[in-house]
file start.txt (compact mmCIF, C-alpha atoms)
# COMPACT_ATOMS: atom_id res chain seq x y z
CA MET A 1 0.00 0.00 0.00
CA ILE A 2 3.06 2.18 -0.11
CA GLN A 3 1.64 4.07 -3.11
CA LEU A 4 -0.96 5.60 -0.77
CA GLU A 5 1.52 6.88 1.79
CA HIS A 6 1.18 10.52 0.72
CA LYS A 7 -2.59 10.39 1.23
CA ILE A 8 -2.34 9.89 4.99
CA LYS A 9 1.16 11.09 5.87
CA ASP A 10 1.04 12.75 9.32
CA LYS A 11 -2.76 13.10 9.18
CA LYS A 12 -5.37 12.22 11.80
CA VAL A 13 -7.12 9.10 10.53
CA LEU A 14 -10.25 7.27 11.63
CA PHE A 15 -10.33 3.64 10.47
CA VAL A 16 -13.77 2.02 10.46
CA THR A 17 -14.57 -1.64 9.83
CA THR A 18 -17.56 -3.91 10.40
CA LYS A 19 -15.47 -7.06 9.86
CA ASN A 20 -13.61 -8.91 12.62
CA ILE A 21 -10.47 -6.97 13.45
CA ASP A 22 -8.08 -9.84 12.62
CA TYR A 23 -9.48 -10.17 9.09
CA ILE A 24 -6.55 -10.32 6.64
CA ARG A 25 -7.44 -7.02 4.91
CA ASN A 26 -8.02 -5.18 8.20
CA VAL A 27 -4.61 -6.28 9.51
CA GLN A 28 -2.94 -5.11 6.31
CA GLU A 29 -4.61 -1.69 6.32
CA ILE A 30 -4.23 -0.98 10.03
CA THR A 31 -0.53 -1.85 9.86
CA PHE A 32 -0.12 0.61 7.00
CA LEU A 33 -2.08 3.37 8.73
CA LYS A 34 -0.15 2.97 11.99
CA LYS A 35 3.10 3.37 10.12
CA TYR A 36 2.28 6.52 8.16
CA SER A 37 -0.58 8.42 9.81
CA GLY A 38 0.03 11.11 12.38
CA ARG A 39 -2.63 9.69 14.66
CA LEU A 40 -4.91 6.70 14.21
CA LYS A 41 -8.16 5.68 15.87
CA VAL A 42 -9.54 2.23 15.00
CA LEU A 43 -13.31 1.90 15.30
CA TYR A 44 -14.66 -1.65 15.28
CA SER A 45 -16.70 -4.21 17.23
CA ASP A 46 -15.60 -7.58 18.57
CA LYS A 47 -19.15 -8.96 18.82
CA LYS A 48 -19.56 -12.37 17.14
CA ASN A 49 -23.05 -11.75 15.78
CA TYR A 50 -22.67 -9.67 12.61
CA ILE A 51 -25.89 -7.66 13.05
CA VAL A 52 -24.93 -6.78 16.63
CA ARG A 53 -21.44 -5.90 15.42
CA ILE A 54 -22.81 -3.46 12.82
CA LEU A 55 -25.12 -1.84 15.37
CA GLU A 56 -22.24 -1.36 17.81
CA VAL A 57 -20.11 0.24 15.09
CA TRP A 58 -22.98 2.59 14.26
CA CYS A 59 -23.36 3.57 17.92
CA LYS A 60 -19.64 4.31 18.13
CA LEU A 61 -19.85 6.39 14.95
CA ILE A 62 -22.71 8.44 16.38
CA VAL A 63 -20.67 9.48 19.41
CA SER A 64 -17.31 9.69 17.69
CA GLY A 65 -15.74 13.11 17.26
CA ARG A 66 -15.15 14.91 14.00
CA ASN A 67 -11.52 15.80 14.60
CA TYR A 68 -10.11 13.69 11.76
CA ASP A 69 -8.55 14.56 8.42
CA VAL A 70 -9.16 11.20 6.75
CA ILE A 71 -11.92 8.61 7.15
CA PHE A 72 -10.68 5.21 5.99
CA ILE A 73 -13.51 2.68 5.71
CA GLY A 74 -12.29 -0.88 5.48
CA PHE A 75 -15.00 -3.53 5.36
CA ALA A 76 -17.66 -2.67 4.18
CA PRO A 77 -18.25 0.98 3.24
CA GLN A 78 -21.85 0.29 2.17
CA LEU A 79 -22.73 -0.51 5.79
CA VAL A 80 -21.42 2.86 6.86
CA ALA A 81 -23.20 4.80 4.10
CA PRO A 82 -25.73 6.44 6.50
CA PHE A 83 -22.81 8.29 8.14
CA PHE A 84 -21.31 9.76 4.97
CA LEU A 85 -22.99 13.09 5.73
CA LYS A 86 -21.13 13.17 9.03
CA PHE A 87 -17.90 12.76 7.06
CA LYS A 88 -18.60 15.90 5.05
CA ASN A 89 -15.44 17.91 4.32
CA LYS A 90 -13.27 14.91 5.27
CA GLU A 91 -11.23 12.91 2.80
CA ILE A 92 -12.97 9.54 2.46
CA MET A 93 -11.01 6.45 1.46
CA ILE A 94 -12.90 3.18 1.03
CA ASP A 95 -11.81 -0.38 0.49
CA PHE A 96 -14.37 -1.57 -2.04
CA PHE A 97 -13.44 -5.18 -1.40
CA VAL A 98 -17.02 -6.39 -1.78
CA SER A 99 -19.90 -5.10 -3.89
CA VAL A 100 -23.30 -5.64 -2.29
CA TYR A 101 -24.96 -5.98 -5.70
CA ASP A 102 -22.31 -8.33 -7.11
CA THR A 103 -22.36 -10.52 -3.98
CA LEU A 104 -26.13 -10.85 -3.51
CA VAL A 105 -27.24 -10.87 -7.17
CA ASN A 106 -24.39 -12.38 -9.20
CA ASP A 107 -22.51 -14.46 -6.61
CA ARG A 108 -25.03 -15.82 -4.10
CA LYS A 109 -28.10 -15.24 -6.34
CA LYS A 110 -30.31 -14.11 -3.47
CA PHE A 111 -32.24 -11.79 -5.83
CA SER A 112 -32.67 -11.51 -9.57
CA GLY A 113 -31.29 -8.43 -11.28
CA HIS A 114 -34.87 -7.18 -11.79
CA ASN A 115 -35.81 -7.35 -8.12
CA PRO A 116 -36.28 -3.91 -6.47
CA ILE A 117 -33.87 -5.01 -3.71
CA ALA A 118 -31.22 -5.59 -6.38
CA GLY A 119 -31.84 -2.04 -7.57
CA LEU A 120 -31.31 -0.78 -4.02
CA CYS A 121 -28.05 -2.76 -3.74
CA ARG A 122 -26.81 -1.22 -6.99
CA TRP A 123 -27.72 2.25 -5.75
CA VAL A 124 -25.82 1.79 -2.47
CA ASP A 125 -22.70 0.59 -4.30
CA THR A 126 -22.93 3.52 -6.71
CA PHE A 127 -23.49 6.00 -3.86
CA VAL A 128 -20.43 5.05 -1.80
CA ILE A 129 -18.18 4.99 -4.88
CA ARG A 130 -19.41 8.44 -5.92
CA LYS A 131 -18.94 9.92 -2.43
CA ALA A 132 -15.46 8.46 -1.86
CA ASP A 133 -12.33 10.39 -2.75
CA LEU A 134 -10.34 7.18 -3.20
CA VAL A 135 -11.60 3.68 -3.98
CA ILE A 136 -9.26 0.77 -3.24
CA THR A 137 -9.82 -2.59 -4.95
CA ASP A 138 -8.08 -5.92 -4.55
CA THR A 139 -7.50 -6.57 -8.28
CA LYS A 140 -7.43 -4.61 -11.52
CA ALA A 141 -10.10 -6.93 -12.89
CA ASP A 142 -12.43 -5.96 -10.02
CA ALA A 143 -11.68 -2.27 -10.55
CA GLU A 144 -12.66 -2.51 -14.22
CA TYR A 145 -15.92 -4.23 -13.31
CA PHE A 146 -16.81 -1.67 -10.61
CA ILE A 147 -16.03 1.26 -12.91
CA ARG A 148 -18.26 -0.22 -15.60
CA ALA A 149 -21.09 -1.47 -13.38
CA PHE A 150 -21.37 1.50 -11.00
CA HIS A 151 -20.21 4.36 -13.23
CA GLY A 152 -17.07 4.90 -11.19
CA ASP A 153 -14.56 7.65 -11.89
CA ARG A 154 -11.45 5.81 -13.08
CA LYS A 155 -9.15 8.45 -11.52
CA LYS A 156 -10.40 7.52 -8.03
CA PHE A 157 -9.49 3.83 -8.26
CA LYS A 158 -6.31 2.25 -6.95
CA THR A 159 -5.55 -1.48 -6.82
CA VAL A 160 -3.84 -2.76 -3.67
CA TYR A 161 -3.26 -6.50 -3.48
CA LEU A 162 -3.80 -8.43 -0.27
CA GLU A 163 -0.90 -9.42 1.95
CA ALA A 164 -0.74 -12.32 4.37
CA ASP A 165 0.04 -11.66 8.02
CA LYS A 166 3.71 -12.63 8.01
CA THR A 167 3.83 -12.83 11.81
CA ILE A 168 1.66 -15.95 11.49
CA TYR A 169 2.19 -17.21 7.96
CA TYR A 170 5.89 -17.67 7.27
CA PRO A 171 8.03 -20.57 5.93
CA ARG A 172 8.85 -23.26 8.44
CA GLU A 173 10.08 -26.82 8.58
CA GLN A 174 7.67 -29.52 7.46
CA ARG A 175 6.90 -31.89 10.32
CA LYS A 176 4.40 -34.54 9.28
CA GLY A 177 3.13 -36.92 11.88
CA ARG A 178 4.05 -40.58 11.62
CA GLU A 179 0.68 -41.49 10.10
CA LEU A 180 1.24 -39.08 7.18
CA ALA A 181 5.00 -39.45 6.80
CA ASP A 182 4.72 -41.45 3.55
CA LYS A 183 1.72 -39.54 2.16
CA TYR A 184 1.55 -36.66 -0.31
CA VAL A 185 -0.66 -34.24 1.65
CA VAL A 186 -3.02 -31.96 -0.28
CA LEU A 187 -4.69 -29.19 1.78
CA TYR A 188 -7.73 -27.01 1.18
CA PHE A 189 -9.20 -24.50 3.63
CA GLY A 190 -11.96 -21.98 3.24
CA SER A 191 -15.28 -20.61 4.43
CA ILE A 192 -17.10 -22.63 1.75
CA LEU A 193 -18.49 -19.72 -0.29
CA PRO A 194 -20.05 -20.62 -3.67
CA LEU A 195 -17.40 -18.84 -5.75
CA GLN A 196 -14.64 -20.89 -4.13
CA GLY A 197 -15.91 -23.97 -5.96
CA VAL A 198 -15.54 -26.44 -3.09
CA ASN A 199 -17.73 -28.88 -5.05
CA ILE A 200 -15.00 -29.05 -7.70
CA VAL A 201 -12.45 -29.91 -5.01
CA LEU A 202 -14.69 -32.62 -3.53
CA ASN A 203 -15.36 -34.13 -6.96
CA ALA A 204 -11.62 -34.23 -7.67
CA ILE A 205 -11.03 -35.97 -4.33
CA GLU A 206 -13.62 -38.60 -5.20
CA MET A 207 -11.89 -39.23 -8.53
CA LEU A 208 -8.66 -39.87 -6.65
CA ARG A 209 -10.06 -42.32 -4.08
CA ASP A 210 -7.69 -45.05 -5.34
CA GLU A 211 -4.58 -42.84 -5.12
CA LYS A 212 -3.64 -44.13 -1.67
CA ASN A 213 -0.37 -42.20 -1.62
CA ILE A 214 -2.33 -38.91 -1.75
CA PHE A 215 -4.05 -37.71 1.44
CA PHE A 216 -6.49 -34.77 1.49
CA GLN A 217 -7.16 -32.40 4.38
CA MET A 218 -10.32 -30.30 4.05
CA ILE A 219 -10.43 -27.52 6.66
CA GLY A 220 -13.40 -25.27 7.29
CA PRO A 221 -17.02 -25.07 8.45
CA LEU A 222 -18.15 -27.96 6.27
CA SER A 223 -21.77 -28.96 6.83
CA PRO A 224 -22.63 -32.68 6.65
CA LYS A 225 -23.68 -32.36 3.00
CA TYR A 226 -20.14 -31.24 2.13
CA ARG A 227 -18.42 -33.95 4.13
CA VAL A 228 -18.48 -36.26 1.12
CA PRO A 229 -16.88 -38.24 -0.32
CA VAL A 230 -16.21 -40.52 2.66
CA GLN A 231 -13.06 -42.41 1.82
CA ASP A 232 -9.78 -43.48 3.37
CA ASN A 233 -7.66 -40.69 1.90
CA VAL A 234 -9.60 -37.63 3.06
CA GLU A 235 -9.93 -35.95 6.46
CA TYR A 236 -12.44 -33.23 7.36
CA ILE A 237 -11.29 -30.74 9.97
CA ASP A 238 -13.37 -28.06 11.67
CA TRP A 239 -12.28 -24.41 11.56
CA LEU A 240 -8.93 -23.74 13.23
CA SER A 241 -7.23 -20.72 14.74
CA GLN A 242 -4.85 -18.95 12.38
CA GLU A 243 -1.85 -20.28 14.28
CA GLU A 244 -3.13 -23.87 14.06
CA LEU A 245 -3.98 -23.43 10.40
CA ALA A 246 -0.43 -22.25 9.68
CA GLU A 247 0.95 -25.50 11.12
CA TYR A 248 -1.31 -27.61 8.92
CA ILE A 249 -0.28 -25.59 5.86
CA ALA A 250 3.39 -25.99 6.75
CA ASN A 251 2.99 -29.77 6.76
CA ALA A 252 1.16 -29.94 3.41
CA ASP A 253 2.89 -30.81 0.14
CA LEU A 254 0.35 -29.06 -2.10
CA CYS A 255 -2.25 -26.39 -1.28
CA LEU A 256 -5.43 -25.73 -3.27
CA ALA A 257 -6.11 -22.01 -3.69
CA GLY A 258 -8.71 -21.58 -6.47
CA HIS A 259 -11.02 -20.03 -7.23
CA PHE A 260 -12.48 -23.11 -8.93
CA ASN A 261 -16.06 -22.01 -9.73
CA ARG A 262 -16.36 -20.94 -13.38
CA ASP A 263 -20.05 -19.97 -13.34
CA ILE A 264 -19.68 -16.94 -11.04
CA ASP A 265 -17.90 -14.04 -12.75
CA LYS A 266 -16.60 -12.71 -9.43
CA ALA A 267 -14.48 -15.86 -9.09
CA LYS A 268 -12.60 -14.80 -12.22
CA ARG A 269 -12.04 -11.23 -10.97
CA THR A 270 -10.69 -11.95 -7.48
CA ILE A 271 -7.58 -13.59 -6.10
CA PRO A 272 -8.34 -15.99 -3.23
CA GLY A 273 -6.97 -14.74 0.08
CA LYS A 274 -5.52 -18.18 0.76
CA ALA A 275 -3.19 -17.76 -2.25
CA TYR A 276 -1.35 -14.95 -0.45
CA ILE A 277 -1.05 -17.16 2.64
CA TYR A 278 0.36 -20.09 0.67
CA GLU A 279 2.78 -17.77 -1.13
CA SER A 280 3.94 -16.25 2.16
CA MET A 281 4.67 -19.74 3.50
CA GLY A 282 6.51 -20.80 0.35
CA LYS A 283 4.06 -23.59 -0.49
CA ASN A 284 3.25 -25.20 -3.83
CA MET A 285 -0.31 -24.26 -4.81
CA VAL A 286 -2.97 -24.77 -7.47
CA LEU A 287 -4.69 -21.68 -8.87
CA GLY A 288 -7.73 -21.38 -11.10
CA ASP A 289 -6.63 -20.02 -14.47
CA ASN A 290 -8.23 -16.58 -14.66
CA ARG A 291 -7.30 -12.97 -15.38
CA ALA A 292 -7.17 -11.91 -11.71
CA ASN A 293 -4.72 -14.62 -10.64
CA ARG A 294 -2.61 -13.92 -13.71
CA GLU A 295 -2.22 -10.27 -12.60
CA ILE A 296 0.45 -11.25 -10.06
CA TYR A 297 1.15 -14.98 -10.40
CA GLY A 298 3.07 -15.67 -13.57
CA LEU A 299 5.80 -18.17 -14.20
CA SER A 300 6.71 -19.90 -10.96
CA ASP A 301 7.81 -23.39 -10.06
CA LYS A 302 5.46 -23.23 -7.05
CA VAL A 303 2.29 -22.32 -8.97
CA PHE A 304 0.23 -24.85 -10.91
CA TRP A 305 -2.75 -23.81 -13.05
CA THR A 306 -6.03 -25.61 -13.62
CA GLU A 307 -9.10 -24.93 -15.69
CA MET A 308 -11.87 -23.49 -13.53
CA GLY A 309 -14.97 -25.61 -13.08
CA ASN A 310 -13.25 -28.81 -14.18
CA ALA A 311 -12.78 -31.40 -11.42
CA GLU A 312 -11.06 -33.84 -13.77
CA ALA A 313 -8.48 -31.21 -14.73
CA LEU A 314 -7.85 -30.43 -11.05
CA ALA A 315 -7.45 -34.14 -10.27
CA LYS A 316 -4.88 -34.47 -13.06
CA VAL A 317 -2.89 -31.50 -11.73
CA ILE A 318 -2.85 -33.01 -8.23
CA VAL A 319 -1.63 -36.38 -9.55
CA HIS A 320 1.03 -34.65 -11.67
CA CYS A 321 2.31 -32.72 -8.66
CA SER A 322 2.37 -35.84 -6.48
CA ARG A 323 4.55 -37.65 -8.99
CA SER A 324 6.96 -34.88 -9.91

call {"tool": "encode", "arguments": {"input": "start.txt", "output": "structure tokens"}}
result
Amino acid sequence: MIQLEHKIKDKKVLFVTTKNIDYIRNVQEITFLKKYSGRLKVLYSDKKNYIVRILEVWCKLIVSGRNYDVIFIGFAPQLVAPFFLKFKNKEIMIDFFVSVYDTLVNDRKKFSGHNPIAGLCRWVDTFVIRKADLVITDTKADAEYFIRAFHGDRKKFKTVYLEADKTIYYPREQRKGRELADKYVVLYFGSILPLQGVNIVLNAIEMLRDEKNIFFQMIGPLSPKYRVPVQDNVEYIDWLSQEELAEYIANADLCLAGHFNRDIDKAKRTIPGKAYIYESMGKNMVLGDNRANREIYGLSDKVFWTEMGNAEALAKVIVHCSRS
């Protein structure tokens, strides 16, 4: 984020987020702001329930002072839109990491594009982009989409790629347990969002049920319907702390990053956050072949590409890696 240093140098900055404070993007932005701002106040909530968290952030915004030069809204500026009038005459910087319209209409398909609620979502996205002085996106592909879809001013947009928390995710010695010592361990973790294409991963695992030298570890909040296939070479693990997750990644031979869903356009415009983690830990990884991933991951002996939406292609890549 060094390109944005001059925007906040020695200024009084209020950072607002409705996401958990240890979220990868929050950590990245707060670290940057602490380094370059003159004074920083971080406004957030640690409540687990998301609705309660938003309400607490709103309450804090109501009573917060106005003695700031810059308002930096991390995740998600749309949820702070009612307070934009309070930010009048302040420089507003937003991380447009997620579009409400894109997420609810195109990604999760909660509403059709003709639904009035979809129209409201589009309006909110357009409003916060228009009111912001600087709009930060995670990829150039996303920036192009937001400019086109929400009539954004191209001069306002700046792409800043994610960074893994290197105090947690760093290279370390592989220490497999005795039961996995002779196995080629393939790891996948995620929050099981549709665009991640977890079904492609599970289908590839099922295709490789007879590859007894390959062992899969699936980490995340997998509901019973996702805990298939049931076979000897796959293990399902509930969500872990970041520190525990880092140890599992360290012991893996190959990590699946994605995105693997080819039917959701957003999957082709975003780089999975796990890719930055795998890269930071020096791990071999499989990426879905799309324009966003290609923005920063080119030729590398640690990156393997697969066609999105194709479980058979993913299975072949995994087998190739296990034998090379």

call {"tool": "residues_around", "arguments": {"input": "start.txt", "residues": "Asp165 (chain A)", "least_positions_apart": "5", "cutoff": "12 Å", "atoms": "only C-alpha atoms", "output": "PyMOL selection string"}}
result
chain A and resi 22-31+170+242-243+246+273-274+276-281

call {"tool": "write_last_selection", "arguments": {"input": "start.txt", "atoms": "C-alpha atoms", "output": "mmCIF file, keeping the file's coordinate frame"}}
result
data_model
loop_
_atom_site.group_PDB
_atom_site.id
_atom_site.type_symbol
_atom_site.label_atom_id
_atom_site.label_comp_id
_atom_site.auth_asym_id
_atom_site.auth_seq_id
_atom_site.Cartn_x
_atom_site.Cartn_y
_atom_site.Cartn_z
ATOM 1 C CA ASP A 22 -8.080 -9.840 12.620
ATOM 2 C CA TYR A 23 -9.480 -10.170 9.090
ATOM 3 C CA ILE A 24 -6.550 -10.320 6.640
ATOM 4 C CA ARG A 25 -7.440 -7.020 4.910
ATOM 5 C CA ASN A 26 -8.020 -5.180 8.200
ATOM 6 C CA VAL A 27 -4.610 -6.280 9.510
ATOM 7 C CA GLN A 28 -2.940 -5.110 6.310
ATOM 8 C CA GLU A 29 -4.610 -1.690 6.320
ATOM 9 C CA ILE A 30 -4.230 -0.980 10.030
ATOM 10 C CA THR A 31 -0.530 -1.850 9.860
ATOM 11 C CA TYR A 170 5.890 -17.670 7.270
ATOM 12 C CA GLN A 242 -4.850 -18.950 12.380
ATOM 13 C CA GLU A 243 -1.850 -20.280 14.280
ATOM 14 C CA ALA A 246 -0.430 -22.250 9.680
ATOM 15 C CA GLY A 273 -6.970 -14.740 0.080
ATOM 16 C CA LYS A 274 -5.520 -18.180 0.760
ATOM 17 C CA TYR A 276 -1.350 -14.950 -0.450
ATOM 18 C CA ILE A 277 -1.050 -17.160 2.640
ATOM 19 C CA TYR A 278 0.360 -20.090 0.670
ATOM 20 C CA GLU A 279 2.780 -17.770 -1.130
ATOM 21 C CA SER A 280 3.940 -16.250 2.160
ATOM 22 C CA MET A 281 4.670 -19.740 3.500
#

call {"tool": "closest_residue", "arguments": {"input": "start.txt", "among": "A:Gln3, A:Gln196, A:Gln217, A:Ser322", "to": "Phe32 (chain A)", "atoms": "all atoms listed in the file"}}
result
A:Gln3

call {"tool": "closest_residue", "arguments": {"input": "start.txt", "among": "A:Pro194, A:Pro171, A:Pro116, A:Gly65", "to": "Ile249 (chain A)", "atoms": "all atoms listed in the file"}}
result
A:Pro171

call {"tool": "residues_around", "arguments": {"input": "start.txt", "residues": "Asp301 (chain A)", "least_positions_apart": "4", "cutoff": "12 Å", "atoms": "all atoms listed in the file", "output": "JSON, numbers by chain"}}
result
{"A": [279, 282, 283, 284, 285, 286, 297, 305, 321, 324]}

call {"tool": "write_last_selection", "arguments": {"input": "start.txt", "atoms": "C-alpha atoms", "output": "mmCIF file, keeping the file's coordinate frame"}}
result
data_model
loop_
_atom_site.group_PDB
_atom_site.id
_atom_site.type_symbol
_atom_site.label_atom_id
_atom_site.label_comp_id
_atom_site.auth_asym_id
_atom_site.auth_seq_id
_atom_site.Cartn_x
_atom_site.Cartn_y
_atom_site.Cartn_z
ATOM 1 C CA GLU A 279 2.780 -17.770 -1.130
ATOM 2 C CA GLY A 282 6.510 -20.800 0.350
ATOM 3 C CA LYS A 283 4.060 -23.590 -0.490
ATOM 4 C CA ASN A 284 3.250 -25.200 -3.830
ATOM 5 C CA MET A 285 -0.310 -24.260 -4.810
ATOM 6 C CA VAL A 286 -2.970 -24.770 -7.470
ATOM 7 C CA TYR A 297 1.150 -14.980 -10.400
ATOM 8 C CA TRP A 305 -2.750 -23.810 -13.050
ATOM 9 C CA CYS A 321 2.310 -32.720 -8.660
ATOM 10 C CA SER A 324 6.960 -34.880 -9.910
#

call {"tool": "atom_distance", "arguments": {"input": "start.txt", "atom1": "CA of Ala315 (chain A)", "atom2": "CA of Phe216 (chain A)"}}
result
11.8 Å

call {"tool": "closest_residue", "arguments": {"input": "start.txt", "among": "A:Lys35, A:Gly152, A:Val201, A:Lys12", "to": "Lys90 (chain A)", "atoms": "all atoms listed in the file"}}
result
A:Lys12

call {"tool": "residues_around", "arguments": {"input": "start.txt", "residues": "Val198 (chain A)", "least_positions_apart": "5", "cutoff": "9 Å", "atoms": "all atoms listed in the file", "output": "ChimeraX atom specification"}}
result
/A:188,190,192-193,203,226,259-261

call {"tool": "atom_distance", "arguments": {"input": "start.txt", "atom1": "CA of Val124 (chain A)", "atom2": "CA of Ser191 (chain A)"}}
result
25.7 Å

call {"tool": "atom_distance", "arguments": {"input": "start.txt", "atom1": "CA of Ile219 (chain A)", "atom2": "CA of Tyr248 (chain A)"}}
result
9.4 Å

call {"tool": "closest_residue", "arguments": {"input": "start.txt", "among": "A:Lys19, A:Lys109, A:Lys48, A:Arg53", "to": "Pro77 (chain A)", "atoms": "only C-alpha atoms"}}
result
A:Lys19

call {"tool": "residues_around", "arguments": {"input": "start.txt", "residues": "Glu56 (chain A)", "least_positions_apart": "4", "cutoff": "7 Å", "atoms": "only C-alpha atoms", "output": "list in words"}}
result
Ser45, Val52 and Lys60 of chain A

call {"tool": "residues_around", "arguments": {"input": "start.txt", "residues": "region 126-142 of chain A", "least_positions_apart": "3", "cutoff": "6 Å", "atoms": "all atoms listed in the file", "output": "list in words"}}
result
Ile92, Met93, Ile94, Asp95, Phe96, Phe97, Trp123, Tyr145, Phe150, Lys156, Phe157, Lys158, Thr159, Val160, Tyr161, Arg269 and Ala292 of chain A

call {"tool": "closest_residue", "arguments": {"input": "start.txt", "among": "A:Ala252, A:Leu79, A:Ile271, A:Leu222", "to": "Asp238 (chain A)", "atoms": "only C-alpha atoms"}}
result
A:Leu222

call {"tool": "closest_residue", "arguments": {"input": "start.txt", "among": "A:Ala118, A:Ile200, A:Cys255, A:Ile318", "to": "Ile214 (chain A)", "atoms": "only C-alpha atoms"}}
result
A:Ile318
